[in-house]
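Working notes for the structure below.
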Amino acid sequence: MQYRTLRLPEDLCTEAEKELTGRFENLEALLGFLLQELTKDDASKFDQAEEQIIEQRLKDLGYI
Amino acid sequence: MKQRSLILVTVDCLRADHVGFLDYRRPVTPVLDSLAESSAVFGDAIVAGVPTYFSFPAILASRYPLALGRDVLGIAPHEPTLATTLQNAGYTTAAFLAGNPYLSARFGYNQGFHTFRDFLDSALGEEVPRYQTAPNGLSNVNRFLQSGSRRTSLTAAAYDELYFWYCQARLPRAVSMDTLRRYPAADVVVDQARSWLSGIGEEPFFLWLHLMDPHHPYYPPLDALSSLGVSNITALRARFLNAFWNRFDIGAGRLQHYREQILSLYDAGVHWVDKQLSRLIAALQQFQRWDETVFVVTADHGEQFLEHGTRYHDPMSLPEQLIHVPLLIRAPELPRNLLSQHPFSLIHLAPTLLDALQVPIPSNFQGRSEWEQISAGNLSSDPAISECVEACNNPMSRDDRMRPRLLAVRDHGYKLVINFREKVDYLYDLKNDPEERFPLSSSVHTGERARLLQVARAHLEKTGHNQNADLRLRARLRDLQQSGSFDVRAS
């Protein structure tokens, strides 16, 4: 796995570490968790599948 | 001209066909019927989603319920709404909501309100368990009998029946409607609204009331029942009726036996709302605010009473009993009108009301103002769309939210319901089959079916691909924070 270095304000990191003590191993674990959760988008898979169902139905009826 | 104020009254579970101004046979809404004489009345108002959690994003934020992704609930942080827009325009704003947990600050509904009271902290109503727990010794006997009874369907049914009656017999006999009720009644909410109105002076205001009286369990004040001429339902009887109506171990045939009495309880709840609204209007008149106020009454969804075999308002289907609601707008200089030639989607309500108040409409609203058309007595002819996640009965559960959609495209004459799980669509001819009993065969009316399918396709394109990424991100962050995810050590 490849890694990337990010630059964040020192004050913000210290504040976050203070706030999250005991909840996450460290700031990287928190940020990794957050980004993973926020980029998860199962909902759009449903949307796309539903659009295809309508398109197929219109094709079956001869309207596409 | 004095700046107009706005009162929005939303009534949980109020069906269109249970108000007098839309031809209900029982005189449950004399106050609203009288108000309708000088209002725009919508014969075909359609909610954008069912139930409450799929309906209110459209009512307050003019946004379809699944447009931020079906994993997101409520109003997103910083999402423009009717309330935030009016607050920014200098209005004093207040909401008094009768204890519906899905309309709480947790889901962003407090945004834009200077005063927000959701009554969720009130110790109202004693929760009566469906099956009263027996003392320890009997519980063990019960457990033994129950597991033994499951060997055949006949013994299981016999056990369920006996256990229901056993539980009923064990419940305390001294009860009142007030102690059984699970939500503050309309008089409590209206009292707070009147008190708030008395203290705001001359400034323009926006007041939102959400009333829960017609919501199950149905425990209306006895005054409301007697005012409808119903004298044979006591609090004890109402408790029995609610418990029986809530049984899921018996068929619709047996439930049907109690339907009329359940309807009386429901109607009495509607009647109590109607009665309390007259007190609200009287307060506005007393404070000399009535003439300049736009007064709106509608509902978030309807209620089912076995018309299609089911009860309540679970998102298992989208029949007219759930999506067709009353809507009445009384505004200064707005002529009396019955607007029934086309459906009116509640997605258009917020922009229409802002237009009525001459306040600019946020650009991200998905509905549009119909104020000019309403004033002219001629609504636009677009079909209305109503949607939900099928069987999402517990929206707090992500698994419940991540399921296929149900979508209805409702025209004046036709209605198409698409069940995406079954990959089937049902077309109804509402003029000849208003009760939606006979879906049309695929081989007939194909032009109508294709037209409504095209509307559904355009809706999915508009609300799926063009999701507001910023709002979605904010809402997801809030959900993560509130779900307690941050309290779990990630490893």
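Ordered as shown in the structure tokens, chains take letters A, B, and onward, while each chain numbers its residues from 1 and ligands are numbered from 1 in the order shown.
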
With a cut-off of 9 Å, could you pull out the residues of chain B touching chain A and give me the nearest pair of atoms for each, distance in Å to one decimal, using only C-alpha atoms, ordered by chain and ascending number, as JSON lines?
```
{"residue": "B:Gly69", "atom": "CA", "partner": "A:Ala43", "partner_atom": "CA", "distance": 5.4}
{"residue": "B:Arg70", "atom": "CA", "partner": "A:Ala43", "partner_atom": "CA", "distance": 5.8}
{"residue": "B:Asp71", "atom": "CA", "partner": "A:Ala43", "partner_atom": "CA", "distance": 6.3}
{"residue": "B:Met402", "atom": "CA", "partner": "A:Ala43", "partner_atom": "CA", "distance": 6.9}
{"residue": "B:Arg403", "atom": "CA", "partner": "A:Phe46", "partner_atom": "CA", "distance": 7.8}
{"residue": "B:Pro404", "atom": "CA", "partner": "A:Phe46", "partner_atom": "CA", "distance": 6.7}
{"residue": "B:Arg405", "atom": "CA", "partner": "A:Glu50", "partner_atom": "CA", "distance": 7.9}
{"residue": "B:Ile418", "atom": "CA", "partner": "A:Ile54", "partner_atom": "CA", "distance": 8.8}
{"residue": "B:Phe420", "atom": "CA", "partner": "A:Glu50", "partner_atom": "CA", "distance": 6.4}
{"residue": "B:Lys423", "atom": "CA", "partner": "A:Ile53", "partner_atom": "CA", "distance": 6.7}
{"residue": "B:Val424", "atom": "CA", "partner": "A:Arg57", "partner_atom": "CA", "distance": 8.8}
{"residue": "B:Asp425", "atom": "CA", "partner": "A:Arg57", "partner_atom": "CA", "distance": 8.8}
{"residue": "B:Ser442", "atom": "CA", "partner": "A:Leu61", "partner_atom": "CA", "distance": 8.7}
{"residue": "B:Ser443", "atom": "CA", "partner": "A:Leu61", "partner_atom": "CA", "distance": 9.0}
{"residue": "B:Thr446", "atom": "CA", "partner": "A:Leu61", "partner_atom": "CA", "distance": 7.1}
{"residue": "B:Gly447", "atom": "CA", "partner": "A:Tyr63", "partner_atom": "CA", "distance": 8.8}
{"residue": "B:Arg449", "atom": "CA", "partner": "A:Leu61", "partner_atom": "CA", "distance": 8.9}
{"residue": "B:Ala450", "atom": "CA", "partner": "A:Leu58", "partner_atom": "CA", "distance": 6.4}
{"residue": "B:Leu453", "atom": "CA", "partner": "A:Ile54", "partner_atom": "CA", "distance": 6.7}
{"residue": "B:Gln454", "atom": "CA", "partner": "A:Leu58", "partner_atom": "CA", "distance": 7.9}
{"residue": "B:Ala456", "atom": "CA", "partner": "A:Ile54", "partner_atom": "CA", "distance": 7.7}
{"residue": "B:Arg457", "atom": "CA", "partner": "A:Ile54", "partner_atom": "CA", "distance": 6.4}
{"residue": "B:Leu460", "atom": "CA", "partner": "A:Glu51", "partner_atom": "CA", "distance": 6.5}
{"residue": "B:Glu461", "atom": "CA", "partner": "A:Glu51", "partner_atom": "CA", "distance": 7.6}
{"residue": "B:Gly464", "atom": "CA", "partner": "A:Asp47", "partner_atom": "CA", "distance": 6.1}
{"residue": "B:His465", "atom": "CA", "partner": "A:Ser44", "partner_atom": "CA", "distance": 8.2}
{"residue": "B:Leu473", "atom": "CA", "partner": "A:Leu38", "partner_atom": "CA", "distance": 6.9}
{"residue": "B:Arg476", "atom": "CA", "partner": "A:Leu38", "partner_atom": "CA", "distance": 6.8}
{"residue": "B:Leu477", "atom": "CA", "partner": "A:Leu38", "partner_atom": "CA", "distance": 7.5}
{"residue": "B:Leu480", "atom": "CA", "partner": "A:Glu37", "partner_atom": "CA", "distance": 8.2}
{"residue": "B:Phe486", "atom": "CA", "partner": "A:Arg23", "partner_atom": "CA", "distance": 6.6}
{"residue": "B:Asp487", "atom": "CA", "partner": "A:Arg23", "partner_atom": "CA", "distance": 5.6}
{"residue": "B:Val488", "atom": "CA", "partner": "A:Arg23", "partner_atom": "CA", "distance": 5.9}
{"residue": "B:Arg489", "atom": "CA", "partner": "A:Arg23", "partner_atom": "CA", "distance": 4.5}
{"residue": "B:Ala490", "atom": "CA", "partner": "A:Phe24", "partner_atom": "CA", "distance": 5.5}
{"residue": "B:Ser491", "atom": "CA", "partner": "A:Glu25", "partner_atom": "CA", "distance": 7.2}
```

If we count only C-alpha atoms, what is near Leu339 in chain B at a cut-off of 7 Å, once residues fewer than 2 positions away on the same chain are taken out, given as a list in words?
Val41, Phe42, Gly43, Asn337, Gln341, Gly377 and Asn378 of chain B

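What separates CA of Arg311 in chain B from CA of Ala157 in chain B is a distance of 20.5 Å.
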
Straight-line distance linking CA of Ala186 in chain B with CA of Asp213 in chain B, stated in Å to one decimal
6.6 Å

Need the shell around Arg336 in chain B: protein/DNA/RNA residues with any atom at most 7 Å away, counting only C-alpha atoms. Skip same-chain ones fewer than 6 positions apart. Format as a compact mmCIF listing (two decimals) with N, CA and C atoms, in the first residue's frame?
```txt
# COMPACT_ATOMS: atom_id res chain seq x y z
N GLU B 37 -63.83 28.12 3.01
CA GLU B 37 -64.73 28.99 2.24
C GLU B 37 -64.01 30.24 1.73
N SER B 38 -62.89 30.58 2.41
CA SER B 38 -62.16 31.78 1.95
C SER B 38 -60.70 31.43 1.65
N SER B 39 -60.45 30.19 1.22
CA SER B 39 -59.06 29.73 1.00
C SER B 39 -58.91 29.07 -0.36
N ALA B 40 -57.65 28.87 -0.73
CA ALA B 40 -57.37 27.98 -1.86
C ALA B 40 -57.34 26.57 -1.30
```

From chain A, collect each residue whose DSSP state is helix (DSSP H, G or I) and return the set as JSON, numbers by chain.
{"A": [10, 11, 12, 13, 14, 15, 16, 17, 18, 19, 27, 28, 29, 30, 31, 32, 33, 34, 35, 36, 37, 38, 39, 42, 43, 44, 45, 46, 47, 48, 49, 50, 51, 52, 53, 54, 55, 56, 57, 58, 59, 60]}

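In this model, the gap between CA of Thr93 in chain B and CA of Gly201 in chain B comes to 12.8 Å.
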
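Taking range 5-210 of chain B and asking which residues DSSP calls strand (DSSP E or B) on the backbone, you get Ser5, Leu6, Ile7, Leu8, Val9, Thr10, Val11, Ala40, Val41, Phe42, Ala45, Ile46, Gly49, Thr92, Thr93, Ala94, Ala95, Phe96, Leu97, Thr115, Phe116, Arg117, Phe205, Phe206, Leu207, Trp208, Leu209 and His210 of chain B.
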
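Restricting the calculation to only C-alpha atoms, the smallest distance between Leu416 in chain B and any of B:Ala356, B:Leu327, B:Leu318, B:Leu349 is found for B:Leu318.
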